[in-house]
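Report on the following structure.
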Amino acid sequence: MRLNKITTALILSAVALPLYASAATLTADDNTNTITGLDTSQMISSDNGHKWEAYTSEKQNNFPGTLTVTVAVKDDQAIKAVDYDPSVAYSENGTLVRYNGYYWTNKWWANPGELPGSNSVWEKGSKIEITTLATFKFTPYTGQAAIDFQNQQKAKVAEQRKVVGYFPEWGVYDAHNNFTPDKIDFSELTHLNYGFGIVKNGEVVIHDTEKGPGLLAQLDDMTEDAGVSYMASIGGWNNSEEGVFEAATATDAGVDKLANSMLAFMLEWGFDGIDVDWEYPDTDAEKAQFTKLMQSLRSKLDAQGKKDDKYYQLSAAVTTNHSKIEFINPSVTTPLMDSVNVMAYDFHGAFDPITGHNAPLYANRQDADQKFNASSAMKEYADTYNVPKNKLLMGIPFYGRGWGDVEPTEIVPGLPGLFAPGTATVHGAWDDVGQFTGTNPWYVLKEKLASGEYTRYWDRESRVPYLYNAATKEFLTYDDPQSVREKVDFINNEGYGGAIIWDLSGDTPTHELGEIVKDVKDAQEQSEAKDLRLQFFNNVLNIVAVLDEAHQAGENRYKVYVNNTYRMESYAGKVYYCSMTAQPEEHTVRLTQAAKGTAAVNVGDVIELRKTSNTPGEPSGDYTVLRKITVTEEMLKNPTLDADIKKAKEGLKGLTVNKNGFSITETKALFNDTLRIVGYVNGAYNMETFHGKNYYSSKKEQGDDVVVTASRALKAGDKVTVKFTAGKPGAGSDALATLAETTLQEVTVTADMLK
C-alpha cells in the first residue's frame with residue numbers, strides 16, 4: 001500500500017449518467033483499503049466482473065493487496081450468474097450462467113462441453129448489461145509497513161482461541177445425511193477446514209470434480225460472511241495412505257512444486273490458509289521432507305501475504321502417537337505454524353484385536369500404553385517437545401467405532417466387553433460398501449442408545465462412554481455430551497489453544513455436541529474451578545475452593561493438596577474432610593476446610609486444586625491442576641481480627657465469682673454477634689456464648705445486658721478466665737498460630753468470694 005496513492009477515477013455509463021450521478025461521490029483510499037460512498041443500491045466485483053456481490057454491509061468495504069475493484073449498479077442477474085465453465089457438469093436445473101454476452105439457464109442436466117446455444121439444454125436470456133459506476137486500483141503495503149502488518153495479523157491469530165471444524169467434501173451425500181453447507185452453525189467455529197484437496201502427481205486437485213467446485217465457492221462466501229477463517233486441508237488419511245506426500249517431496253524440486261500447487265489452490269478458491277494433513281511422517285527421511293515442505297509453505301505464504309495485505313495461516317494435522325511425534329520435527333516446524341492440530345481420536349478401532357476407546361481422555365490401568373490417550377498426547381507436545389500451549393488444538397470426534405463378536409467379559413469390573421477380543425464385523429453408517437469398521441456418527445449412536453437395544457457404560461478412568469449390545473455382542477466406542485464436556489473443560493483448564501472437530505457432519509441437527517465445544521472459543525476463564533483462596537471465617541483461616549455447581553454435582557472428582565499432601569475433596573456432589581456451602585446466585589459451590597492444628601498452612605506452602613480421573617477409594621490417577629496458589633504473609637493476616645478484639649473487650653461488662661459458680665455479663669450486641677466468648681476454669685473449657693446462644697450455662701437479661709452463669713463448684717486458688725476465641729462452637733478452641741485467642745478478663749478465686 002502506497003500512502004500517497006488515492007484513486008478517484010470514475011467510469012460512468014453515459015446513458016445512465018442522469019440516473020446515477022451519485023456515483024461522483026465514490027472515492028477510494030489506498031491507505032485504508034476502503035471506498036467511500038458505497039451503498040446498498042450497488043454491487044462490487046474484484047475479479048473484472050467474473051463474480052459480483054451485492055453490497056450489504058460495511059464489513060465488505062475492505063480491499064487489501066493488489067486489486068482492481070469495480071462498483072456498479074446492483075443487478076440481481078449479474079449477482080446470481082456464474083461464468084460458464086465447459087469442464088463442469090451443471091446438475092441442477094435453473095443454473096444461471098454468463099456466456100458470449102448473454103445470460104443462459106439450463107432446463108435440465110447439462111453435461112460438460114454442452115455449450116449454451118449448441119442444443120436445447122440451455123435457454124437464452126437477456127443481454128448482459130452492467131452499469132459501471134467506478135473502477136479503483138488498490139496496491140499493497142511495502143517495506144517495513146508490510147512486515148509490521150504481517151506481524152500484527154499473526155499476533156491476532158496467536159491470541160485467538162480456536163474451534164476448527166472439518167467439513168468433509170463427501171458429507172453432502174446420503175451416507176452423511178446430506179450435510180450441506182447450510183447445516184453448519186458458524187457461530188460455533190473460528191475456522192472451517194475443507195477436507196480435502198488431494199495430492200495427485202505432486203499437485204493439489206479437487207477430489208469431487210462434480211460437487212467440489214460449487215461447495216468450495218459456496219463455503220468461501222459463507223465463511224467470509226460469518227467472519228470464520230477458511231482453511232484448505234490438503235491430504236487426509238486415504239490420500240496419505242497412497243504415499244503421495246512421500247513421492248511429491250522426494251526432491252527439493254518436488255517440494256517446491258507441491259508448495260506452489262498448494263498456494264495456487266488456496267488462492268483460486270479464496271482460502272485464508274493451508275492445513276497440511278500428511279498422516280503421518282514416521283521416518284527420518286520423511287521428517288526431513290515434512291520439514292522442507294512446511295518451511296517452503298511458510299515462506300511462500302508470507303511472500304503472498306505481503307502482496308495481498310493479508311496474513312495467511314498455516315497448520316498441520318498431527319499424530320497422537322508419542323513415539324512418532326519427533327518425525328514432524330516440532331522444534332523447527334512449530335514456529336512456522338499457527339496451530340498444531342492434534343488428532344486425538346482413532347486411538348483404537350476394529351484394526352485392533354481387542355476393544356478399546358476411540359478417543360480416551362485419560363489412560364485406563366488396563367491400557368498397554370499408558371501414554372496413548374488424548375491428555376498424555378497433549379502433554380507430550382507441550383512438555384517434551386515444548387510446543388506452546390496456545391498453538392495446541394485437541395481433537396474431539398463426533399463419531400465412534402465398533403467391534404463385533406465381543407463377549408461380555410469384565411476385565412474391568414462393571415465394564416463388560418472392554419479390553420475383550422473383538423472382530424471387524426460391524427458395518428457402520430459411515431462405512432463404505434464392504435467395510436466393517438463400525439464407524440457411526442454421534443446422531444446415529446444416540447438413536448441406537450434410545451432404541452433400548454444397547455446399554456451405555458462409562459469408563460471412570462478414561463472418562464469416555466461406550467455402548468454394548470449383549471444380544472448381538474456389538475461394542476461401540478464413541479463420545480457423547482458428557483465426555484465432550486470433560487474434554488472441553490480439560491482444554492480450557494490446561495490452557496490449550498482450542499479444539500478441532502472431526503467432523504461437523506456427525507453432530508445432531510441441533511448441534512448438540514457443537515454447542516458444548518463452542519465453550520472452548522468463548523472461554524475466558526476456567527469453567528470448572530472458579531477460585532482457590534485462603535479466607536477467614538469467624539476469625540479462623542480456611543482453605544476455600546469454589547466450583548461450578550453443575551460440575552461439582554456431576555461425576556467429577558476435585559481434590560485439594562497442600563505441598564502434595566491430600567487435604568479434602570468433592571465427588572459427585574458429596575464432600576470429604578470439608579464443609580460445603582451452595583451459592584445459588586453465582587451457580588457455584590464453596591468447599592472450606594479450617595487451616596489449623598496439624599492442617600495449618602505457612603508462608604511458602606503450595607496449595608493446589610486438582611481434577612483427577614479416578615473415584616474415591618481408587619488409586620491415584622491422572623490429574624489436572626485447575627488452580628494453584630502459594631501462601632504469602634498477606635494471606636495469613638486476618639483483616640478483621642483487631643476490630644473484633646476491640647468489640648469483644650468493649651462488650652464484656654464483667655466477670656463475677658461466687659460459691660455457685662461464675663457469671664459473665666455482656667452487652668446484648670456482643671451476645672448476639674458472631675464472636676465466640678469462652679469461659680475457662682484452670683484452662684479447661686466450661687461455657688461460651690456465640691451468635692445469640694449460650695452453651696453449658698444459663699442466661700438472664702438485665703436491661704441492655706445479658707448475664708450468663710455457669711454453675712460450677714469452685715475452690716480458692718482456681719483461676720477463671722474469659723477469652724475471645726476464633727471459630728464457632730464445635731470448632732475447637734486450642735490456642736494456635738492460625739486460631740486467634742485473646743484474654744478479656746481473668747479472676748483468681750479467693751475464700752471470701754466463696755462465702
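By order of appearance in the C-alpha cells: chains A, B, ..., then residues from 1 within every chain, and ligands from 1 in the order shown.
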If you count only C-alpha atoms, which residues fall within 9 Å of Ser126 (chain A), apart from same-chain ones fewer than 5 positions away, as a list in words?
-> Gly101, Tyr102, Tyr103 and Trp104 of chain A
Contacts of Thr612 (chain A) within 6 Å, only C-alpha atoms, excl. fewer than 5 positions in-chain, as number ranges by chain | A: 557, 622-623
Residue subset to file, keeping N, CA and C atoms, as a PDB file, in the first residue's frame:
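The new file part.pdb reads:
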```
ATOM      1  N   ARG A 557     -14.224 -35.586  40.173  1.00  0.00           N
ATOM      2  CA  ARG A 557     -13.517 -35.646  41.450  1.00  0.00           C
ATOM      3  C   ARG A 557     -12.534 -34.485  41.544  1.00  0.00           C
ATOM      4  N   ASP A 622      -4.435 -39.963  36.685  1.00  0.00           N
ATOM      5  CA  ASP A 622      -4.004 -38.713  36.071  1.00  0.00           C
ATOM      6  C   ASP A 622      -4.779 -37.553  36.683  1.00  0.00           C
ATOM      7  N   TYR A 623      -4.164 -36.396  36.708  1.00  0.00           N
ATOM      8  CA  TYR A 623      -4.869 -35.237  37.237  1.00  0.00           C
ATOM      9  C   TYR A 623      -4.459 -33.980  36.487  1.00  0.00           C
TER      10      TYR A 623
END
```
Distance query Asp405 (chain A) at most 9 Å, only C-alpha atoms, self and fewer than 2 positions along chain excluded, as an MDAnalysis selection string | chainID A and resid 403 407 421:425 472:475
Residues at most 9 Å from Gln366 (chain A), counting only C-alpha atoms, excluding those fewer than 4 positions away in the same chain, as a list in words?
->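 Near Gln366 (chain A), the qualifying residues are Gln370, Ile411, Val412 and Phe419 of chain A.
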Considering only C-alpha atoms, return as a ChimeraX atom specification whatever protein or nucleic-acid residues lie within 9 Å of Ala158 (chain A), sequence-local ones (same chain, fewer than 4 positions apart) excluded.
-> /A:153-154,338-339,390-391,497
Name all residues at most 6 Å from region 50-66 of chain A (count only C-alpha atoms; drop same-chain ones fewer than 3 positions away) and give them as a short mmCIF file (atom, residue, chain, number, x, y, z; two decimals) with C-alpha atoms, in the first residue's frame.
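Written file, result-v4.cif:
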```
data_model
loop_
_atom_site.label_atom_id
_atom_site.label_comp_id
_atom_site.auth_asym_id
_atom_site.auth_seq_id
_atom_site.Cartn_x
_atom_site.Cartn_y
_atom_site.Cartn_z
CA ASN A 33 -8.16 -0.17 1.66
CA THR A 34 -11.66 1.31 1.59
CA THR A 40 -26.94 -1.00 -0.91
CA GLN A 42 -24.64 -1.09 -5.66
CA MET A 43 -22.70 -4.26 -6.32
CA ILE A 44 -18.95 -4.83 -6.39
CA SER A 45 -16.50 -7.08 -8.20
CA ASP A 47 -12.15 -10.01 -10.41
CA ILE A 79 -25.05 -11.35 -8.86
CA PHE A 138 -5.55 -0.79 -4.81
CA THR A 139 -1.91 -1.59 -4.06
CA PRO A 140 -0.29 -3.42 -1.12
CA LYS A 307 1.35 -8.90 -1.88
CA ASP A 308 -2.22 -9.27 -0.65
CA ASP A 309 -2.10 -7.26 2.61
#
```
Atomic distance CA of Ala285 (chain A) - CA of His207 (chain A), expressed in Å with one decimal =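 If I compute the distance from CA of Ala285 (chain A) to CA of His207 (chain A), I get 27.7 Å.
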Looking at only C-alpha atoms, which of A:Thr510, A:Ser41, A:Ser315, A:Asn373 is the one that sits closest to Ala344 (chain A)?
-> A:Asn373
Test item: residues at most 7 Å from region 459-462 of chain A, only C-alpha atoms, excluding those fewer than 4 positions along its chain, as a PDB file with C-alpha atoms, in the first residue's frame:
```
ATOM      1  CA  PRO A 360      -9.889 -41.773  25.681  1.00  0.00           C
ATOM      2  CA  LEU A 361      -9.156 -38.593  27.578  1.00  0.00           C
ATOM      3  CA  TYR A 362      -7.001 -40.460  30.117  1.00  0.00           C
ATOM      4  CA  ALA A 363      -5.438 -43.882  30.395  1.00  0.00           C
ATOM      5  CA  ASN A 364      -7.232 -46.862  31.875  1.00  0.00           C
ATOM      6  CA  SER A 613      -9.567 -39.180  36.593  1.00  0.00           C
ATOM      7  CA  ASN A 614     -10.415 -41.709  39.287  1.00  0.00           C
TER       8      ASN A 614
END
```
All strand (DSSP E) positions in region 401-502 of chain A, as a PyMOL selection string | chain A and resi 401-403+440-441+455-459+464-469+474-477+498-502
CA of Ala713 (chain A) and CA of Val747 (chain A) are how many Å apart?
->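 Distance reported for this atom pair: 15.2 Å.
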Atom-to-atom span, CA of Ala572 (chain A) and CA of Gly417 (chain A), Å |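 CA of Gly417 (chain A) lies 25.6 Å from CA of Ala572 (chain A).
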Top pick for closest residue to Val484 (chain A), considering A:Pro465, A:Gly349, A:Gly604, A:Gly113 and counting only C-alpha atoms |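 Using only C-alpha atoms, the shortest distance to Val484 (chain A) belongs to A:Pro465.
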Based on DSSP run over this structure's backbone, return all residues of region 485-710 of chain A in alpha helix (DSSP H), as a ChimeraX atom specification.
-> /A:485-494,512-522,549-553,641-651,668-672
With distances taken over only C-alpha atoms, which of A:Met394, A:Leu192, A:Leu133, A:Leu96 is nearest to Val488 (chain A)?
->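 Smallest distance to Val488 (chain A) is found for A:Met394.
The nearest approach to Phe186 (chain A) among the residues A:Val332, A:Val163, A:Val205, A:Leu541, with only C-alpha atoms taken into account, belongs to A:Val163.
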From A:Val546, A:Leu258, A:Met343, A:Ile128, residue lying nearest Thr581 (chain A) [only C-alpha atoms] |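 Using only C-alpha atoms, Thr581 (chain A) sits closest to A:Val546.
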So, counting only C-alpha atoms, which residue among A:Ala429, A:Ala316, A:Leu293, A:Val560 is closest to Ala529 (chain A)?
-> A:Val560
